[in-house]
Every structure is written in C-alpha cells, then in structure tokens.
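Data block for structure26.txt (compact mmCIF, C-alpha atoms):
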```txt
# COMPACT_ATOMS: atom_id res chain seq x y z
CA MET K 28 67.44 -123.47 149.38
CA PRO K 29 64.74 -126.03 150.30
CA LYS K 30 61.16 -125.06 149.54
CA LYS K 31 59.44 -123.55 152.56
CA ASN K 32 56.08 -124.64 153.93
CA PRO K 33 53.77 -121.57 153.70
CA LEU K 34 51.55 -122.96 156.47
CA LEU K 35 54.41 -122.91 158.94
CA LYS K 36 53.85 -119.82 161.10
CA PRO K 37 53.21 -118.94 164.76
CA TYR K 38 50.24 -120.65 166.37
CA LEU K 39 50.22 -118.04 169.17
CA LYS K 40 49.91 -114.27 169.32
CA TRP K 41 52.90 -112.76 171.11
CA ALA K 42 53.94 -109.28 172.20
CA GLY K 43 57.03 -108.29 170.25
CA GLY K 44 56.39 -110.92 167.58
CA LYS K 45 58.51 -110.46 164.47
CA ARG K 46 56.19 -111.44 161.61
CA GLN K 47 55.91 -107.97 160.09
CA LEU K 48 59.67 -107.34 160.52
CA LEU K 49 60.78 -110.56 158.84
CA PRO K 50 61.74 -109.00 155.48
CA GLU K 51 64.07 -106.60 157.32
CA ILE K 52 65.53 -109.23 159.64
CA ARG K 53 66.26 -111.60 156.74
CA LYS K 54 68.60 -109.00 155.21
CA TYR K 55 71.01 -109.44 158.11
CA PHE K 56 71.20 -113.22 158.34
CA PRO K 57 74.68 -114.63 157.61
CA LYS K 58 75.09 -115.73 153.99
CA THR K 59 76.16 -119.16 155.27
CA ILE K 60 73.09 -119.57 157.50
CA ASN K 61 71.95 -122.79 155.80
CA ASN K 62 75.15 -124.45 157.00
CA LEU K 63 74.79 -123.28 160.60
CA THR K 64 72.80 -124.53 163.59
CA TYR K 65 70.16 -121.94 164.43
CA TYR K 66 69.81 -120.90 168.09
CA GLU K 67 66.97 -118.80 169.46
CA PRO K 68 67.22 -118.36 173.27
CA PHE K 69 64.01 -116.25 173.48
CA VAL K 70 61.85 -118.10 170.96
CA GLY K 71 58.45 -116.63 171.92
CA ALA K 72 55.90 -117.51 169.25
CA GLY K 73 58.66 -118.52 166.82
CA ALA K 74 58.04 -116.12 163.91
CA VAL K 75 61.70 -116.04 162.86
CA LEU K 76 62.16 -119.78 163.40
CA PHE K 77 59.13 -120.64 161.27
CA ASP K 78 60.16 -118.18 158.56
CA LEU K 79 63.72 -119.48 158.38
CA GLN K 80 62.69 -123.16 158.77
CA PRO K 81 66.19 -124.41 159.61
CA LYS K 82 66.92 -128.13 159.46
CA LYS K 83 68.83 -127.95 162.74
CA ALA K 84 67.88 -125.61 165.57
CA VAL K 85 67.94 -125.15 169.33
CA ILE K 86 65.04 -123.11 170.69
CA ASN K 87 64.55 -121.97 174.26
CA ASP K 88 62.35 -119.79 176.40
CA PHE K 89 62.20 -119.14 180.15
CA ASN K 90 58.40 -119.36 180.03
CA ALA K 91 57.69 -122.98 180.97
CA GLU K 92 54.04 -122.91 179.87
CA LEU K 93 55.02 -121.55 176.46
CA ILE K 94 57.68 -124.22 175.92
CA LEU K 95 55.17 -126.85 177.03
CA THR K 96 52.99 -125.90 174.05
CA TYR K 97 55.88 -126.59 171.64
CA ARG K 98 56.45 -129.99 173.17
CA VAL K 99 52.76 -130.89 173.07
CA VAL K 100 52.41 -129.72 169.46
CA LYS K 101 55.38 -131.93 168.63
CA ASP K 102 54.36 -135.04 170.58
CA HIS K 103 50.57 -134.96 171.10
CA ILE K 104 49.05 -133.13 168.14
CA GLU K 105 45.83 -135.17 167.86
CA GLU K 106 44.97 -134.87 171.55
CA LEU K 107 45.79 -131.16 171.51
CA ILE K 108 43.52 -130.47 168.55
CA GLN K 109 40.66 -132.29 170.25
CA GLU K 110 41.11 -130.24 173.44
CA LEU K 111 41.22 -126.99 171.47
CA LYS K 112 38.01 -127.91 169.66
CA LYS K 113 36.34 -128.36 173.06
CA HIS K 114 37.53 -124.90 174.11
CA LYS K 115 36.26 -123.47 170.84
CA ASP K 116 32.82 -125.01 171.35
CA HIS K 117 32.51 -123.59 174.88
CA ASN K 118 34.08 -120.19 174.30
CA ASN K 119 32.34 -117.32 176.08
CA GLU K 120 33.28 -114.83 178.78
CA ILE K 121 32.19 -117.00 181.72
CA TYR K 122 34.06 -120.01 180.36
CA TYR K 123 37.17 -117.89 179.71
CA TYR K 124 37.40 -116.77 183.34
CA GLU K 125 36.76 -120.31 184.53
CA ILE K 126 39.71 -121.59 182.45
CA ARG K 127 41.87 -118.61 183.42
CA SER K 128 41.25 -119.22 187.13
CA ARG K 129 42.72 -122.72 187.06
CA ASP K 130 46.20 -121.47 187.93
CA ARG K 131 44.80 -119.95 191.15
CA ASP K 132 44.44 -123.49 192.50
CA LYS K 133 48.05 -124.68 192.47
CA ILE K 134 47.22 -128.22 193.52
CA GLY K 135 44.50 -128.57 190.89
CA PHE K 136 46.65 -126.87 188.23
CA ASN K 137 49.51 -129.27 188.88
CA HIS K 138 47.12 -132.16 188.32
CA LEU K 139 46.30 -130.99 184.79
CA ASN K 140 48.11 -133.08 182.21
CA GLU K 141 50.44 -131.53 179.62
CA ILE K 142 47.79 -131.50 176.90
CA GLU K 143 45.28 -129.73 179.15
CA ARG K 144 47.83 -127.11 180.16
CA ALA K 145 49.02 -126.48 176.61
CA SER K 146 45.49 -126.18 175.25
CA ARG K 147 44.63 -123.82 178.12
CA LEU K 148 47.45 -121.46 177.20
CA ILE K 149 46.58 -121.49 173.50
CA PHE K 150 42.89 -120.91 174.26
CA LEU K 151 43.62 -118.01 176.64
CA ASN K 152 46.12 -116.53 174.19
CA LYS K 153 43.61 -116.55 171.32
CA THR K 154 40.68 -115.19 173.37
CA CYS K 155 42.27 -112.78 175.85
CA TYR K 156 42.42 -109.02 175.30
CA ASN K 157 44.84 -108.05 172.52
CA GLY K 158 46.56 -111.45 172.51
CA LEU K 159 48.63 -110.41 175.52
CA TYR K 160 50.51 -112.94 177.64
CA ARG K 161 50.90 -111.36 181.06
CA VAL K 162 51.28 -112.72 184.56
CA ASN K 163 51.22 -110.88 187.90
CA SER K 164 53.86 -111.00 190.65
CA GLN K 165 52.50 -114.39 191.77
CA GLY K 166 52.88 -115.77 188.24
CA LEU K 167 49.11 -115.89 187.64
CA PHE K 168 47.71 -115.13 184.18
CA ASN K 169 45.66 -111.93 184.57
CA VAL K 170 44.63 -110.67 181.11
CA PRO K 171 40.88 -109.94 180.70
CA TYR K 172 38.59 -111.53 178.11
CA GLY K 173 38.94 -110.13 174.60
CA LYS K 174 35.36 -110.46 173.34
CA TYR K 175 36.37 -111.39 169.79
CA LYS K 176 33.63 -112.59 167.45
CA ASN K 177 35.46 -115.53 165.90
CA PRO K 178 38.91 -116.11 167.46
CA ALA K 179 41.16 -118.69 165.76
CA ILE K 180 41.30 -121.02 168.76
CA CYS K 181 42.14 -124.14 166.77
CA GLU K 182 44.16 -123.39 163.61
CA GLU K 183 44.47 -127.03 162.67
CA PRO K 184 46.47 -126.61 159.41
CA VAL K 185 49.01 -124.39 161.18
CA LEU K 186 49.31 -126.70 164.19
CA ARG K 187 49.82 -129.70 161.92
CA ALA K 188 52.46 -127.83 159.90
CA VAL K 189 54.36 -126.99 163.09
CA HIS K 190 54.02 -130.60 164.28
CA LEU K 191 55.45 -131.86 160.98
CA TYR K 192 58.31 -129.37 161.05
CA LEU K 193 59.34 -130.18 164.63
CA ASN K 194 59.32 -133.91 163.87
CA SER K 195 60.96 -133.78 160.44
CA ASN K 196 64.00 -131.79 161.50
CA LYS K 197 66.54 -131.81 164.30
CA ILE K 198 64.91 -129.29 166.65
CA THR K 199 65.94 -129.24 170.31
CA ILE K 200 63.39 -127.59 172.63
CA LEU K 201 64.71 -126.16 175.92
CA ASN K 202 63.18 -124.35 178.89
CA GLY K 203 65.76 -122.38 180.82
CA ASP K 204 67.98 -119.34 181.06
CA PHE K 205 69.02 -117.66 177.80
CA GLU K 206 72.70 -117.62 178.79
CA VAL K 207 72.82 -121.39 179.31
CA THR K 208 71.37 -121.96 175.84
CA ALA K 209 73.62 -119.37 174.18
CA LYS K 210 76.78 -120.88 175.63
CA LYS K 211 76.04 -124.23 173.96
CA THR K 212 76.99 -122.62 170.64
CA ASN K 213 80.18 -122.67 168.57
CA ASP K 214 81.41 -121.01 165.38
CA LYS K 215 79.12 -123.31 163.37
CA SER K 216 76.09 -121.67 164.99
CA PHE K 217 73.96 -118.60 164.40
CA VAL K 218 72.13 -116.98 167.33
CA TYR K 219 69.11 -114.71 167.09
CA PHE K 220 68.26 -112.91 170.35
CA ASP K 221 64.76 -111.45 170.72
CA PRO K 222 64.51 -110.64 174.44
CA PRO K 223 61.77 -108.76 176.27
CA TYR K 224 62.42 -105.23 175.09
CA HIS K 225 64.01 -102.52 177.17
CA SER K 226 61.64 -99.73 178.20
CA GLN K 227 63.18 -96.38 179.04
CA ASP K 228 60.08 -95.16 180.89
CA LYS K 229 59.05 -98.64 182.15
CA THR K 230 55.76 -98.58 180.19
CA ASN K 231 56.55 -101.24 177.59
CA PHE K 232 55.02 -104.63 178.31
CA THR K 233 57.49 -107.09 179.85
CA GLY K 234 55.21 -109.27 182.00
CA TYR K 235 56.09 -112.62 180.45
CA GLN K 236 57.32 -113.88 183.79
CA ALA K 237 56.70 -112.87 187.40
CA ASP K 238 60.19 -111.46 188.01
CA GLY K 239 60.43 -109.53 184.73
CA PHE K 240 63.44 -108.72 182.55
CA ASN K 241 65.05 -105.62 184.02
CA ASP K 242 68.10 -103.50 183.17
CA ASP K 243 70.45 -105.93 184.94
CA GLU K 244 69.16 -108.71 182.70
CA GLN K 245 69.73 -106.52 179.63
CA ILE K 246 73.33 -106.01 180.78
CA ARG K 247 73.76 -109.76 181.33
CA LEU K 248 72.45 -110.33 177.81
CA ARG K 249 74.96 -107.81 176.41
CA ASP K 250 77.76 -109.60 178.27
CA THR K 251 76.60 -112.91 176.75
CA PHE K 252 76.58 -111.26 173.32
CA LEU K 253 80.17 -110.10 173.88
CA TYR K 254 81.22 -113.58 175.02
CA LEU K 255 79.81 -115.13 171.84
CA THR K 256 81.44 -112.43 169.72
CA LYS K 257 84.83 -113.38 171.15
CA LYS K 258 84.05 -117.01 170.26
CA ASN K 259 83.31 -115.95 166.64
CA VAL K 260 79.66 -116.96 166.89
CA PRO K 261 77.57 -114.76 164.55
CA CYS K 262 74.67 -113.19 166.45
CA LEU K 263 71.79 -110.86 165.68
CA LEU K 264 69.74 -109.12 168.36
CA SER K 265 66.49 -107.14 168.33
CA ASN K 266 65.59 -104.54 170.95
CA SER K 267 64.05 -101.15 171.58
CA ASP K 268 65.76 -98.08 170.18
CA THR K 269 66.58 -96.41 173.50
CA PRO K 270 69.70 -94.56 174.71
CA PHE K 271 70.29 -97.35 177.24
CA ILE K 272 70.41 -100.05 174.54
CA ARG K 273 72.57 -97.94 172.23
CA GLU K 274 74.98 -97.34 175.10
CA LEU K 275 75.10 -101.06 175.92
CA TYR K 276 76.03 -101.97 172.35
CA LYS K 277 78.33 -99.07 171.52
CA ASP K 278 81.39 -101.36 171.33
CA LYS K 279 83.03 -101.15 167.90
CA CYS K 280 82.53 -104.91 167.38
CA PHE K 281 78.78 -104.27 167.03
CA ASP K 282 76.76 -102.76 164.19
CA ILE K 283 73.52 -101.06 165.27
CA ILE K 284 70.85 -100.89 162.56
CA THR K 285 67.64 -98.87 162.98
CA VAL K 286 64.42 -100.47 161.72
CA LEU K 287 60.80 -99.32 161.75
CA ALA K 288 58.34 -101.72 163.34
CA LYS K 289 54.56 -101.67 163.58
CA ARG K 290 53.43 -102.83 167.02
CA ALA K 291 49.86 -103.93 167.76
CA ILE K 292 50.41 -105.47 171.23
CA ASN K 293 51.60 -103.24 174.04
CA SER K 294 50.25 -102.33 177.46
CA ALA K 295 50.76 -98.62 176.70
CA ALA K 296 49.01 -96.94 173.77
CA ASP K 297 52.13 -94.96 172.82
CA GLY K 298 53.99 -98.25 172.43
CA ARG K 299 51.68 -99.28 169.59
CA GLY K 300 51.83 -98.16 165.96
CA ASN K 301 55.07 -97.35 164.12
CA VAL K 302 58.09 -97.33 166.44
CA ASN K 303 61.85 -97.46 165.93
CA GLU K 304 63.68 -100.62 166.96
CA VAL K 305 67.28 -101.69 166.56
CA LEU K 306 69.03 -104.75 165.21
CA VAL K 307 72.51 -105.40 166.57
CA LYS K 308 74.92 -107.67 164.68
CA ASN K 309 78.42 -108.78 165.61
CA TRP K 310 80.03 -109.63 162.28
CA LYS K 311 80.97 -107.62 159.22
```
Would you mind writing the file out in structure tokens?
Amino acid sequence: MPKKNPLLKPYLKWAGGKRQLLPEIRKYFPKTINNLTYYEPFVGAGAVLFDLQPKKAVINDFNAELILTYRVVKDHIEELIQELKKHKDHNNEIYYYEIRSRDRDKIGFNHLNEIERASRLIFLNKTCYNGLYRVNSQGLFNVPYGKYKNPAICEEPVLRAVHLYLNSNKITILNGDFEVTAKKTNDKSFVYFDPPYHSQDKTNFTGYQADGFNDDEQIRLRDTFLYLTKKNVPCLLSNSDTPFIRELYKDKCFDIITVLAKRAINSAADGRGNVNEVLVKNWK
C-alpha cells in the first residue's frame, strides 16, 4: 500500500461529510480495492476520496460550483491561493454579504472567471454559518454569516496537497447526474455512493441544489445500485437509517450495516449529535 499524504483532506466543510466515519467505512472496502478504479458519483468535499487516495478515480457531483473548485484547485492553484488571501484580508460581515450577493446579478456572476467563482465558494463555505452549503429555490446561496474569529479561509498546505494529488494521479472530474457516472463502471470498478440523505420527516438538510433530492431520486439511486449489482460492480452506499431506506434496500443481494455517526452540520437541531446511519453493500 503506497504511503498516504497526511495533508490530503477536504478543503471545504460539507454537510454529511464522512471524516469522522472513515474508520468504519474503511472496514467495508473490497479487499482488492487497490486494483480497482474508484468511482464517487456524489463526491461532496471528498473525505473518502482523500482518505483512500486512489491512483485512478472518477469523481462527480451535480453541484457545478463545487466541481468548479476541484478543477480550479487542479489547474490554477497559485491564482486561487492569491484570491483566497484577498478574501481573508477583507473578511467581515459586510464583505461576506457583498460576496454572497454576487449570484443575485446573473449577468455579473457569469462574467466572473473560474478562479473568482471557486474562491467565492470556498470563502463563503469557510465563513458562513455552520459551514452549510444551501441554496434557495432560485439556486441562490442564502446562508447567513458565521461570525467566526479566525476561519481557515486559505488552508494553503491542504490546497497544495489536493493540487498535487489531482495532478499526480489519473483523476477524472465530472459534473453531471450520478446515474450517468455510475454506468461508466465495470467489474474492475468500486463505487461509493454518498447521496443527500433521506429524511423521514423532511427536516434533514438537503439544499445542495435548487430542486433537491427527493424520494423519487432515492428510488432512482436504488435502481442504479441494483443495475450495478447485476453487472458485478462492488458498491457501498451511505444513507440515513430510516424505514424508507431499509425498505428500499431490503433485497437479499444487499447487506445493511448500522453505524453511529456524529453530525455537526444540519438545519435541524435533532439532526445533530450522535445519529444512526446505514451502510449498504452489494457483495459478500
């Protein structure tokens, strides 16, 4: 097993991030994982990707602004760091709302270059309340200012480690539908699904995109999981421990494993703290 870079970790905060669950998730990786291409159709902040550090991977997310940050970290690291240092120097509540409001002017927002847009998202993510990424029905970022004393706006060693990793390995970065990415796989692949979690009472945070990830999307994800199972593609999935999810994955080809997670980011207070989640795997 190649030596891992300890600086390689998420450069964003993200609801549902897997950093504290990594020891549990690792237990259920295939034993042959080093010989497989790693796929993550809902990459988010990349905690599992950066822990595993595969040499060959395909990562995807539907959130275009998020995926833009990966591409900018990979291709424009020096310019990005300079922009983030500017944000750090100007950080205060008035400046935050000024930067946040840029997506209200669609024409002006579309004239921002990729580096400006990526640095904007990272700045807002590090300074907004509770590190929450949330957009309203118009797709506008609407999280209030977090009022942190010393937010890590520009984690230069981490950003450089991610830049090095993305350029030193065969990492394909996609922005699209999870099903399209998943169906690129074969039996030499391993897929980890970490979708927006199901919420039985609709209180869990799922506002990553304007149109949400509803029960129909969860069913479509299950159907994709079944399709890959029939193709002998090993898959692991994380989700909430709800009756709906257990019913979806009750097929005998799935193993459902209960894990305890500690959640710090959630729009509802009862969704924070220690909560049960499930891992679903499709191989024995």
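Coordinates place atom CA of Gly158 of chain K at a distance of 5.4 Å from atom CA of Lys40 of chain K.
Distance annotation: of K:Glu105, K:Lys30, K:Ile86, K:Leu48, the residue with the minimal separation from Val302 of chain K is K:Leu48; atom set is all atoms listed in the file.
What separates atom CA of Leu306 of chain K from atom CA of Leu264 of chain K is a distance of 5.4 Å.
Picture a line from atom CA of Leu193 of chain K to atom CA of Gly43 of chain K; it runs 22.7 Å.
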For Trp310 of chain K, find every residue with an atom within 10 Å (counting only C-alpha atoms), except residues of its own chain fewer than 6 positions away, and show them as number ranges by chain. K: 55, 57, 256, 259-263, 280-282
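With all atoms listed in the file as the atoms that count, the residue of K:Val162, K:Leu151, K:Leu139, K:Ile108 with the shortest distance to Arg187 of chain K is K:Ile108.
With only C-alpha atoms as the atoms that count, the minimum distance from Tyr219 of chain K to the choices K:Arg144, K:Lys153, K:Lys113, K:Lys308 is reached by K:Lys308.
If you measure from each of K:Ile246, K:Leu167, K:Leu191, K:Ala145 to Arg129 of chain K using all atoms listed in the file, the closest one turns out to be K:Leu167.
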Would you list the contacts of Pro33 of chain K as a ChimeraX atom specification, taking every protein, DNA or RNA residue within 12 Å and counting only C-alpha atoms, but skipping same-chain residues closer than 6 positions in sequence? /K:77-80,184-185,188-189,192
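Counting all atoms listed in the file, the residue from K:Phe168, K:Phe220, K:Phe271, K:Tyr276 that sits nearest to Ile52 of chain K is K:Phe220.
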Can you pull out the residues contacting Leu39 of chain K? Cut-off 10 Å, using all atoms listed in the file, and skip same-chain residues under 4 positions away; I want them as a ChimeraX atom specification. /K:44,71-74,93,96,148-153,158,160,179-180,182
Mind writing the picked residues with C-alpha atoms as a PDB file, in the frame of the given file?
```pdb
ATOM      1  CA  GLY K  44      56.390-110.920 167.580  1.00  0.00           C
ATOM      2  CA  GLY K  71      58.450-116.630 171.920  1.00  0.00           C
ATOM      3  CA  ALA K  72      55.900-117.510 169.250  1.00  0.00           C
ATOM      4  CA  GLY K  73      58.660-118.520 166.820  1.00  0.00           C
ATOM      5  CA  ALA K  74      58.040-116.120 163.910  1.00  0.00           C
ATOM      6  CA  LEU K  93      55.020-121.550 176.460  1.00  0.00           C
ATOM      7  CA  THR K  96      52.990-125.900 174.050  1.00  0.00           C
ATOM      8  CA  LEU K 148      47.450-121.460 177.200  1.00  0.00           C
ATOM      9  CA  ILE K 149      46.580-121.490 173.500  1.00  0.00           C
ATOM     10  CA  PHE K 150      42.890-120.910 174.260  1.00  0.00           C
ATOM     11  CA  LEU K 151      43.620-118.010 176.640  1.00  0.00           C
ATOM     12  CA  ASN K 152      46.120-116.530 174.190  1.00  0.00           C
ATOM     13  CA  LYS K 153      43.610-116.550 171.320  1.00  0.00           C
ATOM     14  CA  GLY K 158      46.560-111.450 172.510  1.00  0.00           C
ATOM     15  CA  TYR K 160      50.510-112.940 177.640  1.00  0.00           C
ATOM     16  CA  ALA K 179      41.160-118.690 165.760  1.00  0.00           C
ATOM     17  CA  ILE K 180      41.300-121.020 168.760  1.00  0.00           C
ATOM     18  CA  GLU K 182      44.160-123.390 163.610  1.00  0.00           C
TER      19      GLU K 182
END
```
Polymer residues at most 12 Å from Glu141 of chain K, all atoms listed in the file, same-chain spacing of 3 or more positions, as a PDB file with C-alpha atoms, keeping the file's coordinate frame:
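What ended up in result_6.pdb:
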```pdb
ATOM      1  CA  ALA K  91      57.690-122.980 180.970  1.00  0.00           C
ATOM      2  CA  GLU K  92      54.040-122.910 179.870  1.00  0.00           C
ATOM      3  CA  LEU K  93      55.020-121.550 176.460  1.00  0.00           C
ATOM      4  CA  ILE K  94      57.680-124.220 175.920  1.00  0.00           C
ATOM      5  CA  LEU K  95      55.170-126.850 177.030  1.00  0.00           C
ATOM      6  CA  THR K  96      52.990-125.900 174.050  1.00  0.00           C
ATOM      7  CA  TYR K  97      55.880-126.590 171.640  1.00  0.00           C
ATOM      8  CA  ARG K  98      56.450-129.990 173.170  1.00  0.00           C
ATOM      9  CA  VAL K  99      52.760-130.890 173.070  1.00  0.00           C
ATOM     10  CA  VAL K 100      52.410-129.720 169.460  1.00  0.00           C
ATOM     11  CA  ASP K 102      54.360-135.040 170.580  1.00  0.00           C
ATOM     12  CA  HIS K 103      50.570-134.960 171.100  1.00  0.00           C
ATOM     13  CA  ILE K 104      49.050-133.130 168.140  1.00  0.00           C
ATOM     14  CA  GLU K 106      44.970-134.870 171.550  1.00  0.00           C
ATOM     15  CA  LEU K 107      45.790-131.160 171.510  1.00  0.00           C
ATOM     16  CA  GLU K 110      41.110-130.240 173.440  1.00  0.00           C
ATOM     17  CA  PHE K 136      46.650-126.870 188.230  1.00  0.00           C
ATOM     18  CA  ASN K 137      49.510-129.270 188.880  1.00  0.00           C
ATOM     19  CA  HIS K 138      47.120-132.160 188.320  1.00  0.00           C
ATOM     20  CA  ARG K 144      47.830-127.110 180.160  1.00  0.00           C
ATOM     21  CA  ALA K 145      49.020-126.480 176.610  1.00  0.00           C
ATOM     22  CA  SER K 146      45.490-126.180 175.250  1.00  0.00           C
ATOM     23  CA  ARG K 147      44.630-123.820 178.120  1.00  0.00           C
ATOM     24  CA  LEU K 148      47.450-121.460 177.200  1.00  0.00           C
TER      25      LEU K 148
END
```
